[in-house]
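As stored in upload-v2.txt (compact mmCIF, C-alpha atoms and all ligand atoms):
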# COMPACT_ATOMS: atom_id res chain seq x y z
CA MET J 1 -91.48 98.97 10.05
CA SER J 2 -94.56 96.90 9.58
CA PHE J 3 -96.47 96.89 6.31
CA GLU J 4 -99.23 95.14 4.44
CA ILE J 5 -99.20 94.08 0.78
CA THR J 6 -102.52 94.44 -1.02
CA GLY J 7 -101.48 93.61 -4.58
CA VAL J 8 -98.94 91.33 -6.27
CA ALA J 9 -99.15 90.95 -10.04
CA ALA J 10 -97.06 90.10 -13.09
CA LEU J 11 -97.27 90.45 -16.83
CA GLU J 12 -95.28 88.85 -19.66
CA ILE J 13 -93.26 91.56 -21.48
CA LEU J 14 -90.25 91.49 -23.84
CA ASP J 15 -86.62 91.98 -22.88
CA SER J 16 -83.98 93.76 -24.97
CA ARG J 17 -83.36 90.61 -27.06
CA GLY J 18 -87.05 90.22 -27.86
CA ARG J 19 -87.45 87.30 -25.47
CA PRO J 20 -90.22 87.14 -22.87
CA THR J 21 -89.60 88.25 -19.30
CA LEU J 22 -91.71 89.47 -16.38
CA GLN J 23 -92.88 92.88 -15.33
CA THR J 24 -94.03 92.74 -11.71
CA THR J 25 -96.14 95.14 -9.66
CA VAL J 26 -96.50 95.31 -5.88
CA THR J 27 -99.06 97.49 -4.08
CA LEU J 28 -99.01 98.34 -0.37
CA SER J 29 -102.00 99.08 1.86
CA ASP J 30 -101.08 102.80 1.88
CA GLY J 31 -101.68 102.83 -1.87
CA THR J 32 -98.01 102.86 -2.95
CA THR J 33 -97.46 100.91 -6.16
CA ALA J 34 -94.09 99.98 -7.68
CA VAL J 35 -93.04 98.09 -10.78
CA ALA J 36 -89.94 96.07 -11.70
CA GLY J 37 -88.54 94.46 -14.88
CA VAL J 38 -86.74 91.11 -14.64
CA PRO J 39 -83.36 90.67 -16.40
CA SER J 40 -82.22 87.49 -18.17
CA GLY J 41 -78.76 86.09 -18.98
CA ALA J 42 -77.35 84.17 -21.97
CA SER J 43 -74.01 82.92 -20.61
CA THR J 44 -75.38 81.60 -17.35
CA GLY J 45 -73.63 79.73 -14.56
CA THR J 46 -74.95 76.19 -14.12
CA ARG J 47 -75.71 76.84 -10.44
CA GLU J 48 -77.80 79.96 -10.97
CA ALA J 49 -81.31 79.99 -9.52
CA VAL J 50 -83.78 78.66 -12.10
CA GLU J 51 -85.28 81.01 -14.65
CA LEU J 52 -88.64 79.36 -15.26
CA ARG J 53 -89.56 79.09 -18.96
CA ASP J 54 -92.78 77.49 -20.19
CA GLY J 55 -91.19 75.07 -22.65
CA ASP J 56 -94.29 75.37 -24.84
CA THR J 57 -92.68 75.44 -28.29
CA ALA J 58 -95.83 76.94 -29.81
CA ARG J 59 -94.97 80.23 -28.03
CA PHE J 60 -91.60 82.05 -28.31
CA GLY J 61 -89.84 78.78 -29.12
CA GLY J 62 -90.55 77.53 -25.60
CA GLY J 63 -89.25 80.71 -23.94
CA GLY J 64 -92.59 82.06 -22.68
CA VAL J 65 -92.86 82.92 -18.99
CA LEU J 66 -96.60 82.49 -18.44
CA THR J 67 -95.99 79.82 -15.78
CA ALA J 68 -93.82 82.24 -13.78
CA VAL J 69 -96.39 85.00 -14.33
CA GLY J 70 -99.08 82.61 -13.05
CA ASN J 71 -96.97 81.82 -9.98
CA VAL J 72 -96.79 85.54 -9.14
CA ASN J 73 -100.49 86.19 -9.75
CA GLY J 74 -101.56 83.03 -7.95
CA GLU J 75 -99.41 81.41 -5.31
CA LEU J 76 -97.14 84.35 -4.43
CA ALA J 77 -100.03 86.84 -4.32
CA ASP J 78 -101.96 84.47 -2.01
CA LEU J 79 -98.91 84.04 0.20
CA LEU J 80 -98.06 87.73 0.54
CA ARG J 81 -101.41 89.52 0.75
CA GLY J 82 -103.55 89.98 3.83
CA GLN J 83 -101.01 89.83 6.64
CA LYS J 84 -98.53 92.12 8.36
CA TRP J 85 -94.85 91.88 7.35
CA GLU J 86 -91.89 93.28 9.28
CA SER J 87 -89.24 93.56 6.54
CA LEU J 88 -88.30 92.86 2.93
CA SER J 89 -86.13 89.99 4.15
CA ALA J 90 -89.11 88.40 5.94
CA VAL J 91 -91.04 88.45 2.66
CA ASP J 92 -88.04 87.11 0.71
CA GLU J 93 -87.61 84.29 3.24
CA ALA J 94 -91.29 83.42 2.96
CA MET J 95 -91.00 83.18 -0.84
CA VAL J 96 -87.89 80.99 -0.57
CA ALA J 97 -89.66 78.71 1.94
CA ALA J 98 -92.81 78.52 -0.21
CA ASP J 99 -90.72 77.56 -3.25
CA GLY J 100 -89.20 74.74 -1.22
CA THR J 101 -86.35 73.86 -3.64
CA PRO J 102 -82.67 74.80 -3.21
CA ASN J 103 -82.67 76.86 -6.43
CA LYS J 104 -86.19 78.31 -6.85
CA ALA J 105 -86.94 75.69 -9.47
CA ARG J 106 -90.63 75.40 -8.58
CA LEU J 107 -91.83 79.02 -8.51
CA GLY J 108 -88.99 80.42 -10.65
CA ALA J 109 -86.28 82.90 -9.65
CA ASN J 110 -87.64 85.19 -12.38
CA ALA J 111 -90.93 85.27 -10.42
CA THR J 112 -89.41 85.77 -6.94
CA VAL J 113 -86.82 88.35 -7.98
CA GLY J 114 -89.46 90.45 -9.76
CA VAL J 115 -91.66 90.50 -6.66
CA SER J 116 -88.68 91.22 -4.38
CA MET J 117 -87.46 94.13 -6.55
CA ALA J 118 -90.93 95.69 -6.87
CA LEU J 119 -91.49 95.33 -3.12
CA ALA J 120 -88.15 97.00 -2.28
CA ARG J 121 -89.07 99.87 -4.56
CA ALA J 122 -92.57 100.14 -3.03
CA LEU J 123 -91.19 100.15 0.53
CA ALA J 124 -88.70 102.88 -0.39
CA ALA J 125 -91.42 105.01 -1.99
CA SER J 126 -93.77 104.42 0.93
CA SER J 127 -91.11 105.68 3.36
CA GLY J 128 -90.49 108.75 1.17
CA GLN J 129 -86.93 107.70 0.30
CA SER J 130 -85.09 107.01 -2.92
CA LEU J 131 -84.42 103.30 -3.47
CA HIS J 132 -80.64 103.73 -3.03
CA ALA J 133 -81.13 105.52 0.30
CA TRP J 134 -83.68 103.02 1.58
CA LEU J 135 -81.75 99.79 0.80
CA PRO J 136 -80.52 98.16 4.02
CA GLY J 137 -76.73 98.49 4.25
CA PHE J 138 -74.09 96.15 5.66
CA GLY J 139 -71.22 98.42 6.61
CA GLN J 140 -70.15 99.89 3.28
CA PRO J 141 -71.25 103.54 3.22
CA PRO J 142 -73.07 104.65 0.06
CA ARG J 143 -70.96 105.89 -2.85
CA MET J 144 -71.30 106.44 -6.57
CA PRO J 145 -69.93 103.49 -8.57
CA VAL J 146 -67.40 103.68 -11.39
CA PRO J 147 -69.32 102.64 -14.50
CA CYS J 148 -67.78 99.79 -16.46
CA PHE J 149 -68.79 100.12 -20.13
CA ASN J 150 -68.81 97.02 -22.30
CA VAL J 151 -67.67 98.51 -25.60
CA LEU J 152 -66.78 95.41 -27.59
CA ASN J 153 -68.82 92.19 -27.57
CA GLY J 154 -68.05 88.60 -28.48
CA GLY J 155 -68.84 85.13 -27.12
CA ALA J 156 -72.52 84.34 -26.52
CA HIS J 157 -73.44 88.01 -27.02
CA ALA J 158 -72.38 88.49 -30.65
CA PRO J 159 -72.27 86.48 -33.88
CA ASN J 160 -68.57 87.28 -34.56
CA ALA J 161 -65.59 84.93 -34.20
CA LEU J 162 -64.39 86.48 -30.93
CA ASP J 163 -64.30 83.95 -28.07
CA PHE J 164 -63.90 86.52 -25.26
CA GLN J 165 -67.33 87.91 -24.35
CA GLU J 166 -66.75 91.40 -22.94
CA PHE J 167 -64.13 94.14 -23.33
CA MET J 168 -64.97 96.95 -20.91
CA ILE J 169 -63.58 100.37 -20.11
CA SER J 170 -63.63 101.82 -16.56
CA PRO J 171 -62.92 105.54 -16.20
CA LEU J 172 -61.25 105.05 -12.80
CA GLY J 173 -59.66 108.50 -12.95
CA ALA J 174 -62.93 110.40 -13.51
CA PRO J 175 -63.74 112.84 -10.68
CA ASN J 176 -67.46 112.04 -10.71
CA VAL J 177 -70.00 109.83 -12.40
CA THR J 178 -71.07 112.45 -14.94
CA GLU J 179 -67.50 112.82 -16.18
CA ALA J 180 -67.12 109.03 -16.15
CA VAL J 181 -70.20 108.63 -18.37
CA ARG J 182 -68.90 111.33 -20.70
CA ALA J 183 -65.54 109.54 -20.94
CA GLY J 184 -67.29 106.23 -21.69
CA ALA J 185 -69.40 107.77 -24.44
CA GLU J 186 -66.45 109.63 -25.97
CA VAL J 187 -64.24 106.54 -26.10
CA TYR J 188 -67.18 104.55 -27.51
CA ALA J 189 -67.49 107.12 -30.32
CA ALA J 190 -63.73 107.04 -30.94
CA LEU J 191 -63.83 103.26 -31.08
CA ARG J 192 -66.61 103.34 -33.68
CA LYS J 193 -64.45 105.65 -35.84
CA ARG J 194 -61.36 103.42 -35.49
CA LEU J 195 -63.28 100.28 -36.36
CA SER J 196 -64.93 101.91 -39.38
CA ALA J 197 -61.62 103.27 -40.61
CA ALA J 198 -60.18 99.75 -40.42
CA GLY J 199 -63.06 98.47 -42.57
CA HIS J 200 -65.01 96.74 -39.78
CA ALA J 201 -68.79 96.69 -39.49
CA THR J 202 -69.97 98.61 -36.42
CA GLY J 203 -73.08 96.57 -35.66
CA LEU J 204 -73.78 95.98 -31.99
CA GLY J 205 -73.83 92.92 -29.74
CA ASP J 206 -76.47 92.20 -27.10
CA GLU J 207 -74.96 94.60 -24.55
CA GLY J 208 -74.49 97.45 -27.02
CA GLY J 209 -70.77 97.02 -27.65
CA PHE J 210 -69.44 96.78 -31.20
CA ALA J 211 -69.16 93.28 -32.64
CA PRO J 212 -66.48 93.46 -35.36
CA GLU J 213 -64.90 90.41 -36.98
CA LEU J 214 -61.85 90.39 -34.75
CA ALA J 215 -60.83 87.09 -33.19
CA GLU J 216 -57.60 87.62 -31.28
CA PRO J 217 -58.19 89.19 -27.83
CA GLU J 218 -54.92 91.14 -27.98
CA GLU J 219 -55.96 92.73 -31.28
CA VAL J 220 -59.09 94.03 -29.58
CA LEU J 221 -57.07 95.37 -26.66
CA GLU J 222 -54.82 97.28 -29.11
CA VAL J 223 -57.76 99.00 -30.77
CA ILE J 224 -59.41 99.88 -27.43
CA VAL J 225 -56.20 101.42 -26.07
CA ALA J 226 -55.93 103.41 -29.31
CA ALA J 227 -59.53 104.62 -28.96
CA ILE J 228 -58.92 105.73 -25.37
CA THR J 229 -55.96 107.78 -26.60
CA ASP J 230 -57.90 109.10 -29.62
CA ALA J 231 -60.58 110.42 -27.27
CA GLY J 232 -57.93 112.31 -25.28
CA TYR J 233 -57.77 110.09 -22.19
CA THR J 234 -54.88 108.27 -20.54
CA PRO J 235 -55.04 104.48 -20.63
CA GLY J 236 -54.60 103.14 -17.08
CA ARG J 237 -55.65 103.59 -13.48
CA THR J 238 -55.34 107.37 -13.47
CA GLY J 239 -57.46 107.62 -16.60
CA ILE J 240 -59.37 104.77 -18.21
CA ALA J 241 -58.59 101.16 -17.34
CA ILE J 242 -59.73 98.05 -19.18
CA ALA J 243 -61.78 95.22 -17.65
CA LEU J 244 -62.31 91.84 -19.30
CA ASP J 245 -65.06 89.27 -18.97
CA PRO J 246 -63.92 86.43 -21.23
CA ALA J 247 -66.81 84.31 -19.78
CA ALA J 248 -64.42 81.38 -20.16
CA SER J 249 -66.98 78.70 -19.22
CA GLU J 250 -68.36 79.19 -22.73
CA PHE J 251 -65.09 78.17 -24.46
CA HIS J 252 -63.86 75.67 -21.85
CA LYS J 253 -64.46 72.26 -23.38
CA ALA J 254 -63.07 68.89 -22.25
CA GLY J 255 -60.50 70.59 -20.04
CA ARG J 256 -59.17 72.94 -22.73
CA TYR J 257 -59.75 76.58 -23.51
CA HIS J 258 -60.49 77.27 -27.18
CA VAL J 259 -59.27 80.75 -28.09
CA ASN J 260 -59.12 81.78 -31.73
CA GLY J 261 -58.47 78.27 -32.97
CA LYS J 262 -55.87 77.39 -30.32
CA GLN J 263 -56.35 74.95 -27.44
CA LEU J 264 -54.93 76.15 -24.15
CA SER J 265 -54.55 74.56 -20.71
CA SER J 266 -55.57 76.41 -17.53
CA HIS J 267 -51.91 77.20 -16.93
CA ASP J 268 -51.54 78.56 -20.49
CA MET J 269 -54.56 80.80 -19.90
CA VAL J 270 -53.15 82.14 -16.63
CA GLU J 271 -49.86 82.95 -18.37
CA ARG J 272 -51.74 84.52 -21.29
CA TYR J 273 -53.53 86.83 -18.83
CA ALA J 274 -50.25 87.56 -17.04
CA ALA J 275 -48.76 88.69 -20.37
CA MET J 276 -51.88 90.74 -21.19
CA ILE J 277 -51.77 92.68 -17.94
CA GLU J 278 -48.08 93.42 -18.54
CA ARG J 279 -48.87 94.94 -21.95
CA TYR J 280 -52.30 96.50 -21.50
CA PRO J 281 -53.90 98.61 -18.75
CA ILE J 282 -56.17 95.83 -17.46
CA GLY J 283 -57.44 96.25 -13.90
CA SER J 284 -60.01 93.48 -13.69
CA ILE J 285 -60.67 90.04 -15.20
CA GLU J 286 -64.02 88.30 -14.64
CA ASP J 287 -64.56 84.60 -15.37
CA GLY J 288 -61.03 84.29 -16.71
CA LEU J 289 -61.41 80.52 -16.31
CA GLY J 290 -64.36 78.14 -16.48
CA GLU J 291 -66.76 77.65 -13.59
CA SER J 292 -65.72 74.00 -13.11
CA ASP J 293 -61.96 74.72 -13.21
CA HIS J 294 -61.44 74.89 -9.44
CA ASP J 295 -57.67 74.22 -9.50
CA GLY J 296 -57.16 76.63 -12.38
CA TRP J 297 -58.98 79.35 -10.44
CA GLN J 298 -56.70 78.76 -7.46
CA GLU J 299 -53.64 79.07 -9.70
CA LEU J 300 -55.07 82.22 -11.33
CA THR J 301 -55.76 83.78 -7.92
CA THR J 302 -52.31 82.94 -6.53
CA ARG J 303 -50.57 84.20 -9.67
CA LEU J 304 -52.52 87.43 -10.38
CA GLY J 305 -54.76 88.13 -7.36
CA GLY J 306 -52.16 90.51 -5.90
CA GLN J 307 -52.09 92.59 -9.07
CA ILE J 308 -55.62 92.87 -10.41
CA GLN J 309 -59.26 92.28 -9.50
CA LEU J 310 -60.37 88.72 -10.28
CA VAL J 311 -64.15 88.52 -10.40
CA GLY J 312 -66.20 85.35 -9.99
CA ASP J 313 -69.46 85.27 -11.95
CA ASP J 314 -70.42 81.87 -13.44
CA ASN J 315 -68.63 80.12 -10.58
CA PHE J 316 -70.22 82.28 -7.82
CA CYS J 317 -73.79 82.89 -9.07
CA THR J 318 -74.38 85.58 -6.38
CA ASN J 319 -74.97 82.62 -4.06
CA PRO J 320 -74.04 83.20 -0.40
CA ALA J 321 -73.17 79.53 0.26
CA ILE J 322 -71.12 79.11 -2.93
CA ILE J 323 -69.24 82.38 -2.32
CA THR J 324 -68.51 81.39 1.28
CA ALA J 325 -66.95 78.12 0.09
CA ALA J 326 -64.97 79.87 -2.66
CA ILE J 327 -63.54 82.37 -0.19
CA ALA J 328 -62.38 79.50 2.02
CA ASP J 329 -60.72 77.92 -1.04
CA GLY J 330 -58.86 81.11 -2.02
CA ILE J 331 -60.70 81.62 -5.29
CA ALA J 332 -60.92 85.13 -6.83
CA ASN J 333 -60.90 88.38 -4.86
CA SER J 334 -64.16 89.86 -6.09
CA ALA J 335 -67.72 88.80 -6.97
CA LEU J 336 -70.07 89.80 -9.73
CA ILE J 337 -73.51 90.54 -8.28
CA LYS J 338 -76.67 89.80 -10.28
CA LEU J 339 -80.09 89.81 -8.59
CA ASN J 340 -81.63 87.15 -10.81
CA GLN J 341 -78.78 84.67 -10.27
CA ILE J 342 -80.03 84.13 -6.73
CA GLY J 343 -83.62 85.35 -6.96
CA THR J 344 -84.27 87.81 -4.11
CA VAL J 345 -82.94 91.23 -3.11
CA SER J 346 -82.20 90.04 0.46
CA GLU J 347 -80.03 87.12 -0.64
CA THR J 348 -78.22 89.45 -3.06
CA LEU J 349 -77.41 91.81 -0.17
CA GLU J 350 -76.32 88.82 1.94
CA ALA J 351 -73.91 87.70 -0.80
CA MET J 352 -72.46 91.22 -0.91
CA ALA J 353 -72.12 91.38 2.89
CA ILE J 354 -70.19 88.08 2.87
CA CYS J 355 -67.80 89.51 0.25
CA HIS J 356 -67.41 92.73 2.21
CA ARG J 357 -66.48 90.85 5.41
CA ALA J 358 -63.90 88.74 3.52
CA GLY J 359 -62.32 91.75 1.80
CA TYR J 360 -63.69 90.74 -1.61
CA THR J 361 -64.83 93.62 -3.80
CA GLN J 362 -68.23 93.45 -5.48
CA MET J 363 -69.32 94.57 -8.94
CA ILE J 364 -73.05 95.00 -9.56
CA SER J 365 -74.12 93.78 -13.00
CA HIS J 366 -76.91 93.87 -15.54
CA ARG J 367 -77.73 90.80 -17.67
CA SER J 368 -77.37 90.58 -21.44
CA GLY J 369 -81.19 90.52 -21.63
CA GLU J 370 -82.50 93.66 -19.91
CA THR J 371 -85.47 96.00 -19.52
CA PRO J 372 -85.31 99.76 -18.90
CA ASP J 373 -85.54 99.04 -15.14
CA SER J 374 -82.65 100.87 -13.43
CA PHE J 375 -82.84 99.06 -10.05
CA ILE J 376 -79.17 98.04 -10.24
CA ALA J 377 -78.01 101.68 -10.39
CA ASP J 378 -79.66 102.30 -7.01
CA LEU J 379 -78.34 98.99 -5.73
CA ALA J 380 -74.78 99.97 -6.64
CA VAL J 381 -75.06 103.39 -4.97
CA GLY J 382 -76.88 102.17 -1.84
CA THR J 383 -74.50 99.29 -1.15
CA GLY J 384 -71.43 101.46 -1.78
CA CYS J 385 -69.64 98.70 -3.71
CA GLY J 386 -68.01 101.22 -6.05
CA GLN J 387 -68.51 99.51 -9.42
CA LEU J 388 -71.38 98.86 -11.84
CA LYS J 389 -71.19 97.11 -15.21
CA THR J 390 -74.24 97.65 -17.36
CA GLY J 391 -73.14 97.49 -20.98
CA ALA J 392 -72.21 100.06 -23.57
CA PRO J 393 -73.09 103.74 -23.30
CA ALA J 394 -75.69 102.94 -25.99
CA ARG J 395 -79.08 101.16 -26.29
CA GLY J 396 -81.95 102.35 -24.11
CA GLU J 397 -81.96 99.48 -21.64
CA ARG J 398 -78.22 100.07 -20.92
CA VAL J 399 -78.17 103.88 -20.80
CA ALA J 400 -81.22 103.85 -18.47
CA LYS J 401 -78.87 102.67 -15.72
CA TYR J 402 -76.12 105.21 -16.49
CA ASN J 403 -78.71 107.97 -16.72
CA ARG J 404 -80.10 106.95 -13.33
CA LEU J 405 -76.57 107.21 -11.86
CA MET J 406 -76.27 110.76 -13.21
CA GLU J 407 -79.68 111.61 -11.77
CA ILE J 408 -78.70 110.31 -8.32
CA SER J 409 -75.39 112.16 -8.58
CA ALA J 410 -77.18 115.43 -9.40
CA HIS J 411 -79.34 115.04 -6.29
CA HIS J 412 -76.45 113.92 -4.08
CA PRO J 413 -73.35 115.79 -5.27
CA ASP J 414 -71.57 115.03 -1.98
CA LEU J 415 -71.54 111.25 -2.38
CA PRO J 416 -67.99 110.00 -2.92
CA CYS J 417 -67.34 108.37 -6.30
CA GLY J 418 -65.32 105.38 -7.40
CA LEU J 419 -63.53 102.51 -5.76
CA GLY J 420 -62.07 104.66 -2.97
P1 LIG J 501 -75.18 87.11 -19.28
O1 LIG J 501 -73.72 87.73 -19.40
O2 LIG J 501 -76.09 88.12 -18.71
O3 LIG J 501 -75.49 86.72 -20.70
O4 LIG J 501 -75.04 85.89 -18.39
C1 LIG J 501 -73.22 88.65 -18.48
C2 LIG J 501 -71.94 88.16 -17.84
O5 LIG J 501 -71.44 87.06 -18.16
O6 LIG J 501 -71.42 88.86 -16.98
ZN ZN J 502 -69.71 87.46 -16.60

As structure tokens - that is how I would like this structure written.
Amino acid sequence: MSFEITGVAALEILDSRGRPTLQTTVTLSDGTTAVAGVPSGASTGTREAVELRDGDTARFGGGGVLTAVGNVNGELADLLRGQKWESLSAVDEAMVAADGTPNKARLGANATVGVSMALARALAASSGQSLHAWLPGFGQPPRMPVPCFNVLNGGAHAPNALDFQEFMISPLGAPNVTEAVRAGAEVYAALRKRLSAAGHATGLGDEGGFAPELAEPEEVLEVIVAAITDAGYTPGRTGIAIALDPAASEFHKAGRYHVNGKQLSSHDMVERYAAMIERYPIGSIEDGLGESDHDGWQELTTRLGGQIQLVGDDNFCTNPAIITAAIADGIANSALIKLNQIGTVSETLEAMAICHRAGYTQMISHRSGETPDSFIADLAVGTGCGQLKTGAPARGERVAKYNRLMEISAHHPDLPCGLG
């Protein structure tokens, strides 16, 4: 497959939080044009690739992305146009080399990932394939992912007193993605009713989950289990399981975890999670401990890794080298996968391939700042990882991904669904 790029362009647009991000466009010599929207996180790992912001406080409080836009329209366009390329990975490698830093600090990972996503989409369209079918695989056959709905928000994503960031529901028992989406939406509606009846406000956090004034994680788990039952589903693996992303780096300060006014050690946290999974149908915990708590993560993995999925996000940053080291150190048994944490589609696929070879599961993820771009739905299907978290079954930028899954499922009813 050899191709030529004739156009590379970017524009500053707004994300779902009203902050600037990039929309990128790539055009091929056969006339195919494709567009991508770049996501943006709020509870970011310190070793993520650099999201370039202008720092000009006269615009968007310094959050403008005109420098990154300029890098796409100038340097990256000059680099990529007017020559033959053999693959997406060749283009991604050229962008990484042109950037020249270990973390895309010069050109910006928001610039490179936007170009990489738009190019992948253009190459798929040019070959007459859907994006999910075109994406290069690494040994996991395609399958529909179980959606993981973030129905209750705290931490950096909501103004409430809740320290844990995400309480998610995974309809593991659903026979197909359409039924899984229905289950997610029905439990979400039941949860709204329960919260209202208890006198809570039902305003939403950044990822579309409710953000009530609850502070104790176990109290939230109680109400979610009740909502699952209210909606007529069975809490647990055969029905709807719960997944947590406490995003513990955000409340890990000076070696202690601050949860609802209490200060806990790493060991206390591990035992708290052990008690939670005894009492509640929790199948997965992401970022249960802080990104710098290496020893704590080893203890967590030894203690609970045989029972549930332990997902590394802030500590892994979708970075192939970091994940390789973590696997060698026996940390976690799963990785969260976010394109903009590493900055190209090819490196994202490499990170997933490393996990696959080590027996680590992978969960594809949105960011708390999103656009309606549904690239990650195709990424989840094409890589066959079996799980996608992309917020509540509410808010346009979140449901765009779930709707794309249902569209793919309608066209490919034979694809297997779920974790397998
Ligand atoms: P972020 O949160 O996009 O704000 O970083 C998502 C997550 O922690 O998984
Ligand atoms: Zn996370």

Neighbours of ligand LIG 501 (chain J) within 7 Å, counting all atoms listed in the file, as a PDB file with C-alpha atoms, keeping the file's coordinate frame?
ATOM      1  CA  SER J  40     -82.220  87.490 -18.170  1.00  0.00           C
ATOM      2  CA  GLY J  41     -78.760  86.090 -18.980  1.00  0.00           C
ATOM      3  CA  ALA J  42     -77.350  84.170 -21.970  1.00  0.00           C
ATOM      4  CA  SER J  43     -74.010  82.920 -20.610  1.00  0.00           C
ATOM      5  CA  THR J  44     -75.380  81.600 -17.350  1.00  0.00           C
ATOM      6  CA  ALA J 156     -72.520  84.340 -26.520  1.00  0.00           C
ATOM      7  CA  HIS J 157     -73.440  88.010 -27.020  1.00  0.00           C
ATOM      8  CA  ASP J 245     -65.060  89.270 -18.970  1.00  0.00           C
ATOM      9  CA  ALA J 247     -66.810  84.310 -19.780  1.00  0.00           C
ATOM     10  CA  ASP J 313     -69.460  85.270 -11.950  1.00  0.00           C
ATOM     11  CA  SER J 365     -74.120  93.780 -13.000  1.00  0.00           C
ATOM     12  CA  HIS J 366     -76.910  93.870 -15.540  1.00  0.00           C
ATOM     13  CA  ARG J 367     -77.730  90.800 -17.670  1.00  0.00           C
ATOM     14  CA  SER J 368     -77.370  90.580 -21.440  1.00  0.00           C
ATOM     15  CA  GLY J 369     -81.190  90.520 -21.630  1.00  0.00           C
TER      16      GLY J 369
END

Give the residues close to ligand ZN 502 (chain J), within 12 Å, counting only C-alpha atoms and all ligand atoms; write them as a VMD selection string.
chain J and resid 41 to 45 150 153 155 to 157 164 to 168 207 243 to 250 284 to 291 310 to 318 335 to 338 341 363 to 368 389 to 391

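Nearest to Thr67 (chain J) of all the residues J:Cys148, J:Leu107, J:Ala34, J:Met406 is J:Leu107, based on all atoms listed in the file.
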
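Distance check against His294 (chain J) using only C-alpha atoms: of J:Gln309, J:Thr348, J:Asn340, J:Ser266, the minimum falls on J:Ser266.
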
Students should find that CA of Ser265 (chain J) and CA of Ser170 (chain J) are spaced 29.0 Å

**Request:** Extract, using all atoms listed in the file, all DNA, RNA and protein residues at most 8 Å from Glu347 (chain J), discarding same-chain residues fewer than 5 positions from it, and format them as a PyMOL selection string.
**Result:** chain J and resi 319-320+342

Review point. Closest to Gly384 (chain J) among J:Ala325, J:Leu349, J:Leu204, J:Met276, using all atoms listed in the file?
Key: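 Among the listed residues, the smallest separation from Gly384 (chain J) belongs to J:Leu349.
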
Could you tell me how far CA of Ser87 (chain J) sits from CA of Ala326 (chain J), in Å to one decimal place?
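Distance between the two atoms: 29.3 Å.
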
- Message: So that I can see what lies close to region 6-12 of chain J, please list as a PyMOL selection string the residues with an atom at most 6 Å from it, counting all atoms listed in the file and leaving out residues fewer than 4 positions away in the same chain.
- Response: chain J and resi 21-29+69+72-73+77+81

Keeping C-alpha atoms for every residue in the selection just given, could you write it to a file as an mmCIF file, keeping the file's coordinate frame?
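And here is the file that came out, selection.cif:
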data_model
loop_
_atom_site.group_PDB
_atom_site.id
_atom_site.type_symbol
_atom_site.label_atom_id
_atom_site.label_comp_id
_atom_site.auth_asym_id
_atom_site.auth_seq_id
_atom_site.Cartn_x
_atom_site.Cartn_y
_atom_site.Cartn_z
ATOM 1 C CA THR J 21 -89.600 88.250 -19.300
ATOM 2 C CA LEU J 22 -91.710 89.470 -16.380
ATOM 3 C CA GLN J 23 -92.880 92.880 -15.330
ATOM 4 C CA THR J 24 -94.030 92.740 -11.710
ATOM 5 C CA THR J 25 -96.140 95.140 -9.660
ATOM 6 C CA VAL J 26 -96.500 95.310 -5.880
ATOM 7 C CA THR J 27 -99.060 97.490 -4.080
ATOM 8 C CA LEU J 28 -99.010 98.340 -0.370
ATOM 9 C CA SER J 29 -102.000 99.080 1.860
ATOM 10 C CA VAL J 69 -96.390 85.000 -14.330
ATOM 11 C CA VAL J 72 -96.790 85.540 -9.140
ATOM 12 C CA ASN J 73 -100.490 86.190 -9.750
ATOM 13 C CA ALA J 77 -100.030 86.840 -4.320
ATOM 14 C CA ARG J 81 -101.410 89.520 0.750
#
